[in-house]
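Have a look at upload_26.cif; it's mmCIF, N, CA and C atoms:
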data_work
#
loop_
_atom_site.group_PDB
_atom_site.id
_atom_site.type_symbol
_atom_site.label_atom_id
_atom_site.label_comp_id
_atom_site.auth_asym_id
_atom_site.auth_seq_id
_atom_site.Cartn_x
_atom_site.Cartn_y
_atom_site.Cartn_z
ATOM 1 N N MET T 1 113.927 -63.615 24.851
ATOM 2 C CA MET T 1 115.177 -62.873 24.865
ATOM 3 C C MET T 1 115.231 -62.017 26.120
ATOM 4 N N GLU T 2 116.308 -62.169 26.866
ATOM 5 C CA GLU T 2 116.493 -61.339 28.058
ATOM 6 C C GLU T 2 117.192 -60.043 27.654
ATOM 7 N N ILE T 3 116.618 -58.928 28.051
ATOM 8 C CA ILE T 3 117.147 -57.614 27.688
ATOM 9 C C ILE T 3 117.516 -56.868 28.958
ATOM 10 N N ASN T 4 118.755 -56.394 29.011
ATOM 11 C CA ASN T 4 119.212 -55.571 30.122
ATOM 12 C C ASN T 4 119.056 -54.115 29.697
ATOM 13 N N ASN T 5 117.989 -53.470 30.158
ATOM 14 C CA ASN T 5 117.693 -52.099 29.735
ATOM 15 C C ASN T 5 118.832 -51.130 29.998
ATOM 16 N N SER T 6 119.593 -51.344 31.055
ATOM 17 C CA SER T 6 120.674 -50.415 31.395
ATOM 18 C C SER T 6 121.798 -50.435 30.366
ATOM 19 N N GLU T 7 121.884 -51.480 29.566
ATOM 20 C CA GLU T 7 122.905 -51.545 28.522
ATOM 21 C C GLU T 7 122.546 -50.696 27.305
ATOM 22 N N TYR T 8 121.295 -50.291 27.192
ATOM 23 C CA TYR T 8 120.827 -49.591 26.004
ATOM 24 C C TYR T 8 120.513 -48.115 26.222
ATOM 25 N N GLY T 9 120.028 -47.741 27.370
ATOM 26 C CA GLY T 9 119.575 -46.371 27.564
ATOM 27 C C GLY T 9 118.203 -46.172 26.953
ATOM 28 N N GLY T 10 117.716 -44.945 27.007
ATOM 29 C CA GLY T 10 116.365 -44.652 26.541
ATOM 30 C C GLY T 10 116.287 -44.275 25.079
ATOM 31 N N PHE T 11 115.195 -44.667 24.450
ATOM 32 C CA PHE T 11 114.881 -44.323 23.063
ATOM 33 C C PHE T 11 113.825 -43.219 23.092
ATOM 34 N N LEU T 12 114.011 -42.173 22.301
ATOM 35 C CA LEU T 12 113.022 -41.103 22.204
ATOM 36 C C LEU T 12 112.046 -41.477 21.089
ATOM 37 N N VAL T 13 110.777 -41.697 21.457
ATOM 38 C CA VAL T 13 109.806 -42.308 20.549
ATOM 39 C C VAL T 13 108.529 -41.475 20.478
ATOM 40 N N SER T 14 108.058 -41.270 19.262
ATOM 41 C CA SER T 14 106.777 -40.600 19.059
ATOM 42 C C SER T 14 105.676 -41.385 19.777
ATOM 43 N N LYS T 15 104.812 -40.678 20.449
ATOM 44 C CA LYS T 15 103.693 -41.344 21.125
ATOM 45 C C LYS T 15 102.757 -42.013 20.121
ATOM 46 N N ASN T 16 102.771 -41.565 18.869
ATOM 47 C CA ASN T 16 101.973 -42.241 17.845
ATOM 48 C C ASN T 16 102.430 -43.681 17.659
ATOM 49 N N ILE T 17 103.715 -43.929 17.808
ATOM 50 C CA ILE T 17 104.240 -45.290 17.695
ATOM 51 C C ILE T 17 103.742 -46.138 18.853
ATOM 52 N N THR T 18 103.693 -45.554 20.037
ATOM 53 C CA THR T 18 103.206 -46.306 21.194
ATOM 54 C C THR T 18 101.718 -46.625 21.056
ATOM 55 N N LEU T 19 101.025 -45.886 20.188
ATOM 56 C CA LEU T 19 99.602 -46.145 19.928
ATOM 57 C C LEU T 19 99.404 -47.137 18.780
ATOM 58 N N GLY T 20 100.517 -47.624 18.222
ATOM 59 C CA GLY T 20 100.416 -48.656 17.204
ATOM 60 C C GLY T 20 100.708 -48.233 15.777
ATOM 61 N N LEU T 21 100.990 -46.951 15.547
ATOM 62 C CA LEU T 21 101.302 -46.526 14.187
ATOM 63 C C LEU T 21 102.703 -46.991 13.799
ATOM 64 N N PRO T 22 102.929 -47.274 12.523
ATOM 65 C CA PRO T 22 104.242 -47.749 12.075
ATOM 66 C C PRO T 22 105.326 -46.680 12.180
ATOM 67 N N ILE T 23 106.552 -47.126 12.327
ATOM 68 C CA ILE T 23 107.713 -46.241 12.301
ATOM 69 C C ILE T 23 107.970 -45.836 10.856
ATOM 70 N N ARG T 24 108.121 -44.539 10.647
ATOM 71 C CA ARG T 24 108.456 -44.054 9.310
ATOM 72 C C ARG T 24 109.918 -43.665 9.224
ATOM 73 N N TYR T 25 110.453 -43.141 10.315
ATOM 74 C CA TYR T 25 111.771 -42.529 10.253
ATOM 75 C C TYR T 25 112.488 -42.742 11.578
ATOM 76 N N SER T 26 113.741 -43.131 11.509
ATOM 77 C CA SER T 26 114.546 -43.252 12.722
ATOM 78 C C SER T 26 115.953 -42.777 12.424
ATOM 79 N N PHE T 27 116.533 -42.138 13.414
ATOM 80 C CA PHE T 27 117.895 -41.637 13.262
ATOM 81 C C PHE T 27 118.568 -41.638 14.625
ATOM 82 N N ARG T 28 119.896 -41.591 14.575
ATOM 83 C CA ARG T 28 120.654 -41.578 15.821
ATOM 84 C C ARG T 28 121.576 -40.367 15.835
ATOM 85 N N GLU T 29 121.495 -39.617 16.921
ATOM 86 C CA GLU T 29 122.350 -38.457 17.113
ATOM 87 C C GLU T 29 122.874 -38.465 18.539
ATOM 88 N N LYS T 30 124.011 -37.859 18.745
ATOM 89 C CA LYS T 30 124.578 -37.795 20.093
ATOM 90 C C LYS T 30 123.633 -36.992 20.980
ATOM 91 N N SER T 31 123.274 -37.558 22.111
ATOM 92 C CA SER T 31 122.346 -36.905 23.029
ATOM 93 C C SER T 31 123.104 -36.141 24.110
ATOM 94 N N SER T 32 122.556 -35.000 24.478
ATOM 95 C CA SER T 32 123.141 -34.239 25.589
ATOM 96 C C SER T 32 122.647 -34.776 26.933
ATOM 97 N N ILE T 33 121.705 -35.697 26.891
ATOM 98 C CA ILE T 33 121.161 -36.316 28.105
ATOM 99 C C ILE T 33 121.777 -37.709 28.234
ATOM 100 N N PRO T 34 122.581 -37.932 29.270
ATOM 101 C CA PRO T 34 123.330 -39.192 29.389
ATOM 102 C C PRO T 34 122.479 -40.466 29.364
ATOM 103 N N HIS T 35 121.242 -40.402 29.806
ATOM 104 C CA HIS T 35 120.414 -41.610 29.880
ATOM 105 C C HIS T 35 119.761 -41.978 28.550
ATOM 106 N N LEU T 36 119.898 -41.102 27.552
ATOM 107 C CA LEU T 36 119.349 -41.393 26.225
ATOM 108 C C LEU T 36 120.450 -41.928 25.329
ATOM 109 N N ASN T 37 120.093 -42.834 24.434
ATOM 110 C CA ASN T 37 121.093 -43.457 23.563
ATOM 111 C C ASN T 37 121.227 -42.777 22.205
ATOM 112 N N GLY T 38 120.409 -41.774 21.940
ATOM 113 C CA GLY T 38 120.505 -41.037 20.686
ATOM 114 C C GLY T 38 119.541 -41.483 19.608
ATOM 115 N N TRP T 39 118.853 -42.610 19.809
ATOM 116 C CA TRP T 39 117.884 -43.071 18.808
ATOM 117 C C TRP T 39 116.587 -42.298 18.954
ATOM 118 N N ASN T 40 116.082 -41.787 17.829
ATOM 119 C CA ASN T 40 114.819 -41.065 17.746
ATOM 120 C C ASN T 40 113.947 -41.780 16.725
ATOM 121 N N LEU T 41 112.695 -42.036 17.072
ATOM 122 C CA LEU T 41 111.785 -42.751 16.177
ATOM 123 C C LEU T 41 110.522 -41.935 15.969
ATOM 124 N N TYR T 42 110.188 -41.712 14.695
ATOM 125 C CA TYR T 42 108.985 -40.968 14.324
ATOM 126 C C TYR T 42 108.012 -41.906 13.627
ATOM 127 N N SER T 43 106.730 -41.639 13.783
ATOM 128 C CA SER T 43 105.714 -42.475 13.142
ATOM 129 C C SER T 43 105.395 -41.979 11.746
ATOM 130 N N ILE T 44 104.613 -42.762 11.080
ATOM 131 C CA ILE T 44 104.191 -42.443 9.716
ATOM 132 C C ILE T 44 103.312 -41.191 9.664
ATOM 133 N N ASN T 45 102.678 -40.825 10.778
ATOM 134 C CA ASN T 45 101.790 -39.653 10.815
ATOM 135 C C ASN T 45 102.436 -38.393 11.364
ATOM 136 N N ASP T 46 103.660 -38.462 11.817
ATOM 137 C CA ASP T 46 104.290 -37.304 12.456
ATOM 138 C C ASP T 46 104.686 -36.252 11.416
ATOM 139 N N ASP T 47 104.173 -35.046 11.606
ATOM 140 C CA ASP T 47 104.554 -33.938 10.734
ATOM 141 C C ASP T 47 105.385 -32.940 11.540
ATOM 142 N N GLU T 48 105.793 -31.874 10.896
ATOM 143 C CA GLU T 48 106.672 -30.880 11.535
ATOM 144 C C GLU T 48 106.052 -30.317 12.813
ATOM 145 N N GLU T 49 104.779 -29.992 12.773
ATOM 146 C CA GLU T 49 104.105 -29.442 13.952
ATOM 147 C C GLU T 49 104.117 -30.461 15.097
ATOM 148 N N TYR T 50 103.845 -31.706 14.785
ATOM 149 C CA TYR T 50 103.811 -32.757 15.797
ATOM 150 C C TYR T 50 105.180 -32.948 16.456
ATOM 151 N N ILE T 51 106.227 -33.048 15.648
ATOM 152 C CA ILE T 51 107.551 -33.331 16.214
ATOM 153 C C ILE T 51 108.150 -32.135 16.950
ATOM 154 N N ASN T 52 107.619 -30.947 16.713
ATOM 155 C CA ASN T 52 108.118 -29.772 17.421
ATOM 156 C C ASN T 52 107.520 -29.608 18.815
ATOM 157 N N ASP T 53 106.631 -30.500 19.202
ATOM 158 C CA ASP T 53 106.015 -30.463 20.531
ATOM 159 C C ASP T 53 106.551 -31.634 21.351
ATOM 160 N N SER T 54 107.388 -31.338 22.316
ATOM 161 C CA SER T 54 108.037 -32.398 23.109
ATOM 162 C C SER T 54 107.035 -33.272 23.858
ATOM 163 N N ARG T 55 105.830 -32.777 24.080
ATOM 164 C CA ARG T 55 104.809 -33.579 24.770
ATOM 165 C C ARG T 55 104.357 -34.777 23.932
ATOM 166 N N ASN T 56 104.707 -34.786 22.671
ATOM 167 C CA ASN T 56 104.318 -35.874 21.776
ATOM 168 C C ASN T 56 105.319 -37.027 21.760
ATOM 169 N N PHE T 57 106.276 -37.000 22.677
ATOM 170 C CA PHE T 57 107.304 -38.037 22.711
ATOM 171 C C PHE T 57 107.393 -38.677 24.089
ATOM 172 N N ALA T 58 107.829 -39.917 24.080
ATOM 173 C CA ALA T 58 108.048 -40.661 25.326
ATOM 174 C C ALA T 58 109.434 -41.289 25.255
ATOM 175 N N ILE T 59 110.009 -41.540 26.400
ATOM 176 C CA ILE T 59 111.282 -42.252 26.475
ATOM 177 C C ILE T 59 110.959 -43.700 26.818
ATOM 178 N N LEU T 60 111.361 -44.600 25.930
ATOM 179 C CA LEU T 60 111.071 -46.017 26.123
ATOM 180 C C LEU T 60 112.338 -46.811 26.369
ATOM 181 N N SER T 61 112.183 -47.878 27.098
ATOM 182 C CA SER T 61 113.291 -48.791 27.387
ATOM 183 C C SER T 61 113.543 -49.700 26.190
ATOM 184 N N ALA T 62 114.674 -50.385 26.220
ATOM 185 C CA ALA T 62 115.004 -51.352 25.173
ATOM 186 C C ALA T 62 113.970 -52.468 25.123
ATOM 187 N N GLU T 63 113.502 -52.890 26.272
ATOM 188 C CA GLU T 63 112.497 -53.944 26.329
ATOM 189 C C GLU T 63 111.209 -53.513 25.621
ATOM 190 N N SER T 64 110.800 -52.267 25.834
ATOM 191 C CA SER T 64 109.611 -51.742 25.161
ATOM 192 C C SER T 64 109.834 -51.637 23.658
ATOM 193 N N ILE T 65 111.008 -51.164 23.257
ATOM 194 C CA ILE T 65 111.329 -51.051 21.830
ATOM 195 C C ILE T 65 111.336 -52.421 21.182
ATOM 196 N N TYR T 66 111.861 -53.411 21.873
ATOM 197 C CA TYR T 66 111.885 -54.770 21.332
ATOM 198 C C TYR T 66 110.466 -55.257 21.036
ATOM 199 N N GLY T 67 109.523 -54.891 21.885
ATOM 200 C CA GLY T 67 108.137 -55.279 21.664
ATOM 201 C C GLY T 67 107.505 -54.573 20.480
ATOM 202 N N ILE T 68 107.994 -53.397 20.152
ATOM 203 C CA ILE T 68 107.454 -52.611 19.036
ATOM 204 C C ILE T 68 108.175 -52.927 17.729
ATOM 205 N N SER T 69 109.502 -52.955 17.783
ATOM 206 C CA SER T 69 110.309 -53.132 16.577
ATOM 207 C C SER T 69 111.630 -53.817 16.941
ATOM 208 N N PRO T 70 111.653 -55.134 16.976
ATOM 209 C CA PRO T 70 112.851 -55.871 17.391
ATOM 210 C C PRO T 70 114.110 -55.510 16.599
ATOM 211 N N ILE T 71 113.957 -55.095 15.363
ATOM 212 C CA ILE T 71 115.107 -54.760 14.524
ATOM 213 C C ILE T 71 115.934 -53.628 15.132
ATOM 214 N N MET T 72 115.310 -52.760 15.928
ATOM 215 C CA MET T 72 116.041 -51.631 16.514
ATOM 216 C C MET T 72 117.176 -52.110 17.417
ATOM 217 N N LEU T 73 117.005 -53.225 18.091
ATOM 218 C CA LEU T 73 118.086 -53.717 18.949
ATOM 219 C C LEU T 73 119.191 -54.351 18.112
ATOM 220 N N GLU T 74 118.840 -54.864 16.936
ATOM 221 C CA GLU T 74 119.857 -55.436 16.052
ATOM 222 C C GLU T 74 120.747 -54.361 15.447
ATOM 223 N N ILE T 75 120.194 -53.179 15.219
ATOM 224 C CA ILE T 75 120.977 -52.088 14.631
ATOM 225 C C ILE T 75 121.385 -51.049 15.683
ATOM 226 N N PHE T 76 121.178 -51.386 16.944
ATOM 227 C CA PHE T 76 121.420 -50.435 18.034
ATOM 228 C C PHE T 76 122.789 -49.770 17.965
ATOM 229 N N ASN T 77 123.826 -50.506 17.657
ATOM 230 C CA ASN T 77 125.187 -49.968 17.687
ATOM 231 C C ASN T 77 125.578 -49.184 16.450
ATOM 232 N N ALA T 78 124.632 -48.888 15.584
ATOM 233 C CA ALA T 78 124.939 -48.048 14.428
ATOM 234 C C ALA T 78 125.505 -46.724 14.944
ATOM 235 N N PRO T 79 126.438 -46.130 14.222
ATOM 236 C CA PRO T 79 127.094 -44.914 14.716
ATOM 237 C C PRO T 79 126.155 -43.703 14.748
ATOM 238 N N TYR T 80 126.526 -42.726 15.574
ATOM 239 C CA TYR T 80 125.801 -41.461 15.572
ATOM 240 C C TYR T 80 125.863 -40.908 14.156
ATOM 241 N N GLY T 81 124.761 -40.321 13.726
ATOM 242 C CA GLY T 81 124.661 -39.827 12.361
ATOM 243 C C GLY T 81 123.903 -40.783 11.456
ATOM 244 N N THR T 82 123.624 -42.000 11.948
ATOM 245 C CA THR T 82 122.843 -42.956 11.161
ATOM 246 C C THR T 82 121.457 -42.377 10.935
ATOM 247 N N ASP T 83 121.009 -42.429 9.689
ATOM 248 C CA ASP T 83 119.718 -41.885 9.290
ATOM 249 C C ASP T 83 119.038 -42.939 8.432
ATOM 250 N N LEU T 84 118.021 -43.594 8.972
ATOM 251 C CA LEU T 84 117.421 -44.724 8.292
ATOM 252 C C LEU T 84 116.198 -44.378 7.464
ATOM 253 N N GLY T 85 115.709 -43.163 7.562
ATOM 254 C CA GLY T 85 114.593 -42.763 6.720
ATOM 255 C C GLY T 85 113.492 -43.793 6.673
ATOM 256 N N ASN T 86 112.991 -44.042 5.490
ATOM 257 C CA ASN T 86 111.885 -44.983 5.324
ATOM 258 C C ASN T 86 112.326 -46.433 5.369
ATOM 259 N N GLY T 87 113.620 -46.711 5.358
ATOM 260 C CA GLY T 87 114.103 -48.080 5.330
ATOM 261 C C GLY T 87 113.605 -48.930 6.476
ATOM 262 N N VAL T 88 113.562 -48.385 7.680
ATOM 263 C CA VAL T 88 113.099 -49.167 8.823
ATOM 264 C C VAL T 88 111.619 -49.477 8.694
ATOM 265 N N THR T 89 110.842 -48.538 8.198
ATOM 266 C CA THR T 89 109.406 -48.766 8.045
ATOM 267 C C THR T 89 109.164 -49.971 7.154
ATOM 268 N N GLN T 90 109.869 -50.038 6.044
ATOM 269 C CA GLN T 90 109.650 -51.114 5.096
ATOM 270 C C GLN T 90 110.160 -52.444 5.641
ATOM 271 N N TYR T 91 111.176 -52.409 6.467
ATOM 272 C CA TYR T 91 111.757 -53.629 6.998
ATOM 273 C C TYR T 91 111.048 -54.109 8.257
ATOM 274 N N ARG T 92 110.439 -53.168 8.958
ATOM 275 C CA ARG T 92 109.797 -53.486 10.229
ATOM 276 C C ARG T 92 108.657 -54.470 10.011
ATOM 277 N N MET T 93 108.564 -55.443 10.868
ATOM 278 C CA MET T 93 107.537 -56.464 10.744
ATOM 279 C C MET T 93 106.257 -55.981 11.424
ATOM 280 N N ILE T 94 105.405 -55.330 10.639
ATOM 281 C CA ILE T 94 104.152 -54.825 11.175
ATOM 282 C C ILE T 94 103.038 -55.210 10.233
ATOM 283 N N SER T 95 101.893 -55.451 10.759
ATOM 284 C CA SER T 95 100.772 -55.875 9.931
ATOM 285 C C SER T 95 100.048 -54.685 9.305
ATOM 286 N N SER T 96 100.208 -53.486 9.867
ATOM 287 C CA SER T 96 99.458 -52.346 9.358
ATOM 288 C C SER T 96 100.164 -51.635 8.214
ATOM 289 N N PHE T 97 101.403 -51.993 7.907
ATOM 290 C CA PHE T 97 102.119 -51.331 6.805
ATOM 291 C C PHE T 97 101.719 -51.979 5.492
ATOM 292 N N LYS T 98 101.311 -51.161 4.556
ATOM 293 C CA LYS T 98 100.912 -51.676 3.244
ATOM 294 C C LYS T 98 101.584 -50.885 2.163
#
Could the structure of this file be written out as structure tokens, please?
Amino acid sequence: MEINNSEYGGFLVSKNITLGLPIRYSFREKSSIPHLNGWNLYSINDDEEYINDSRNFAILSAESIYGISPIMLEIFNAPYGTDLGNGVTQYRMISSFK
């Protein structure tokens, strides 16, 4: 699949996800930063203290997200305010989720 990253913008992703932990929670909100698309992804291990530290997040391209969780590009156009909670974790095709 050819992905044009400029069509998607950046995803704000917990660094725990980039280390291989499953996605637990994802939501979309209007971003004040034009290059971000509003999607935020948290891992199964992220707690309040973790998410309150901006150093624990990375901005990933659509191509990178596709490699982690292809379903995110299928639901990309969901409206701002979309809150997927645990639904994405259960649907995501990962071998470590039990």
- Could you give me, as an MDAnalysis selection string, the residues within 9 Å of T:His35, counting only C-alpha atoms and dropping anything in the same chain fewer than 4 positions from it? chainID T and resid 6 8:10 31
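Shortest separation to T:Leu21 among T:Asn52, T:Ile68, T:Phe57, T:Ile44 occurs at residue T:Ile44, atoms counted being all atoms listed in the file.
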- Task: Mind the document's chain letters and residue numbers, and return as number ranges by chain the residues of chain T that DSSP labels strand (DSSP E).
- Result: T: 10-14, 23-28, 36-43, 57-60
Restricting the output to N, CA and C atoms, write the selected residues as a PDB file, in the coordinates of the input.
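The resulting out-v5.pdb:
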ATOM      1  N   GLY T  10     117.716 -44.945  27.007  1.00  0.00           N
ATOM      2  CA  GLY T  10     116.365 -44.652  26.541  1.00  0.00           C
ATOM      3  C   GLY T  10     116.287 -44.275  25.079  1.00  0.00           C
ATOM      4  N   PHE T  11     115.195 -44.667  24.450  1.00  0.00           N
ATOM      5  CA  PHE T  11     114.881 -44.323  23.063  1.00  0.00           C
ATOM      6  C   PHE T  11     113.825 -43.219  23.092  1.00  0.00           C
ATOM      7  N   LEU T  12     114.011 -42.173  22.301  1.00  0.00           N
ATOM      8  CA  LEU T  12     113.022 -41.103  22.204  1.00  0.00           C
ATOM      9  C   LEU T  12     112.046 -41.477  21.089  1.00  0.00           C
ATOM     10  N   VAL T  13     110.777 -41.697  21.457  1.00  0.00           N
ATOM     11  CA  VAL T  13     109.806 -42.308  20.549  1.00  0.00           C
ATOM     12  C   VAL T  13     108.529 -41.475  20.478  1.00  0.00           C
ATOM     13  N   SER T  14     108.058 -41.270  19.262  1.00  0.00           N
ATOM     14  CA  SER T  14     106.777 -40.600  19.059  1.00  0.00           C
ATOM     15  C   SER T  14     105.676 -41.385  19.777  1.00  0.00           C
ATOM     16  N   ILE T  23     106.552 -47.126  12.327  1.00  0.00           N
ATOM     17  CA  ILE T  23     107.713 -46.241  12.301  1.00  0.00           C
ATOM     18  C   ILE T  23     107.970 -45.836  10.856  1.00  0.00           C
ATOM     19  N   ARG T  24     108.121 -44.539  10.647  1.00  0.00           N
ATOM     20  CA  ARG T  24     108.456 -44.054   9.310  1.00  0.00           C
ATOM     21  C   ARG T  24     109.918 -43.665   9.224  1.00  0.00           C
ATOM     22  N   TYR T  25     110.453 -43.141  10.315  1.00  0.00           N
ATOM     23  CA  TYR T  25     111.771 -42.529  10.253  1.00  0.00           C
ATOM     24  C   TYR T  25     112.488 -42.742  11.578  1.00  0.00           C
ATOM     25  N   SER T  26     113.741 -43.131  11.509  1.00  0.00           N
ATOM     26  CA  SER T  26     114.546 -43.252  12.722  1.00  0.00           C
ATOM     27  C   SER T  26     115.953 -42.777  12.424  1.00  0.00           C
ATOM     28  N   PHE T  27     116.533 -42.138  13.414  1.00  0.00           N
ATOM     29  CA  PHE T  27     117.895 -41.637  13.262  1.00  0.00           C
ATOM     30  C   PHE T  27     118.568 -41.638  14.625  1.00  0.00           C
ATOM     31  N   ARG T  28     119.896 -41.591  14.575  1.00  0.00           N
ATOM     32  CA  ARG T  28     120.654 -41.578  15.821  1.00  0.00           C
ATOM     33  C   ARG T  28     121.576 -40.367  15.835  1.00  0.00           C
ATOM     34  N   LEU T  36     119.898 -41.102  27.552  1.00  0.00           N
ATOM     35  CA  LEU T  36     119.349 -41.393  26.225  1.00  0.00           C
ATOM     36  C   LEU T  36     120.450 -41.928  25.329  1.00  0.00           C
ATOM     37  N   ASN T  37     120.093 -42.834  24.434  1.00  0.00           N
ATOM     38  CA  ASN T  37     121.093 -43.457  23.563  1.00  0.00           C
ATOM     39  C   ASN T  37     121.227 -42.777  22.205  1.00  0.00           C
ATOM     40  N   GLY T  38     120.409 -41.774  21.940  1.00  0.00           N
ATOM     41  CA  GLY T  38     120.505 -41.037  20.686  1.00  0.00           C
ATOM     42  C   GLY T  38     119.541 -41.483  19.608  1.00  0.00           C
ATOM     43  N   TRP T  39     118.853 -42.610  19.809  1.00  0.00           N
ATOM     44  CA  TRP T  39     117.884 -43.071  18.808  1.00  0.00           C
ATOM     45  C   TRP T  39     116.587 -42.298  18.954  1.00  0.00           C
ATOM     46  N   ASN T  40     116.082 -41.787  17.829  1.00  0.00           N
ATOM     47  CA  ASN T  40     114.819 -41.065  17.746  1.00  0.00           C
ATOM     48  C   ASN T  40     113.947 -41.780  16.725  1.00  0.00           C
ATOM     49  N   LEU T  41     112.695 -42.036  17.072  1.00  0.00           N
ATOM     50  CA  LEU T  41     111.785 -42.751  16.177  1.00  0.00           C
ATOM     51  C   LEU T  41     110.522 -41.935  15.969  1.00  0.00           C
ATOM     52  N   TYR T  42     110.188 -41.712  14.695  1.00  0.00           N
ATOM     53  CA  TYR T  42     108.985 -40.968  14.324  1.00  0.00           C
ATOM     54  C   TYR T  42     108.012 -41.906  13.627  1.00  0.00           C
ATOM     55  N   SER T  43     106.730 -41.639  13.783  1.00  0.00           N
ATOM     56  CA  SER T  43     105.714 -42.475  13.142  1.00  0.00           C
ATOM     57  C   SER T  43     105.395 -41.979  11.746  1.00  0.00           C
ATOM     58  N   PHE T  57     106.276 -37.000  22.677  1.00  0.00           N
ATOM     59  CA  PHE T  57     107.304 -38.037  22.711  1.00  0.00           C
ATOM     60  C   PHE T  57     107.393 -38.677  24.089  1.00  0.00           C
ATOM     61  N   ALA T  58     107.829 -39.917  24.080  1.00  0.00           N
ATOM     62  CA  ALA T  58     108.048 -40.661  25.326  1.00  0.00           C
ATOM     63  C   ALA T  58     109.434 -41.289  25.255  1.00  0.00           C
ATOM     64  N   ILE T  59     110.009 -41.540  26.400  1.00  0.00           N
ATOM     65  CA  ILE T  59     111.282 -42.252  26.475  1.00  0.00           C
ATOM     66  C   ILE T  59     110.959 -43.700  26.818  1.00  0.00           C
ATOM     67  N   LEU T  60     111.361 -44.600  25.930  1.00  0.00           N
ATOM     68  CA  LEU T  60     111.071 -46.017  26.123  1.00  0.00           C
ATOM     69  C   LEU T  60     112.338 -46.811  26.369  1.00  0.00           C
TER      70      LEU T  60
END
- Provide the atom N of T:Ser61 to atom CA of T:Ala78 distance in Å, to one decimal place.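 Pair atom N of T:Ser61 / atom CA of T:Ala78 returns 18.0 Å.
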- Surrounding residues of T:Ser43 excluding itself and chain neighbours under 3 positions, 12 Å, only C-alpha atoms, as a ChimeraX atom specification: /T:12-26,40,46-48,50-51,56-57,68,85-86,88-89,97
- Any chance you could resolve the PyMOL selection byres (((chain T and resi 72 and name CA) around 10) and name CA) against this file and give the residues as a PyMOL selection string? chain T and resi 11+26+39+41+62+65-66+68-71+73-78+88+92
- Message: One decimal, in Å: what's the spacing between atom N of T:Asp83 and atom CA of T:Glu29?
- Response: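 The value is 8.5 Å.
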Would you compute, for all listed atoms of stretch 78-81 of chain T, the axis-aligned bounding box grown by 4 Å on each side, and then report its centre and edge lengths in Å rounded to one decimal, as lines of an AutoDock Vina configuration file?
center_x = 125.5
center_y = -44.4
center_z = 13.5
size_x = 11.2
size_y = 17.1
size_z = 12.1
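Among the candidate residues T:Phe27, T:Asn37, T:Glu2, T:Glu7, the one lying nearest to T:Leu84 is T:Phe27, with distances computed using only C-alpha atoms.
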- Task: Record the distance separating atom CA of T:Asp53 and atom C of T:Pro79, expressed in Å with one decimal.
- Result: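 Pair atom CA of T:Asp53 / atom C of T:Pro79 returns 24.8 Å.
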- Message: Just checking: using all atoms listed in the file, which residue out of T:Ser54, T:Asn5, T:Gly81, T:Ser64 ends up closest to T:Gly38?
- Response: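 Smallest distance to T:Gly38 is found for T:Gly81.
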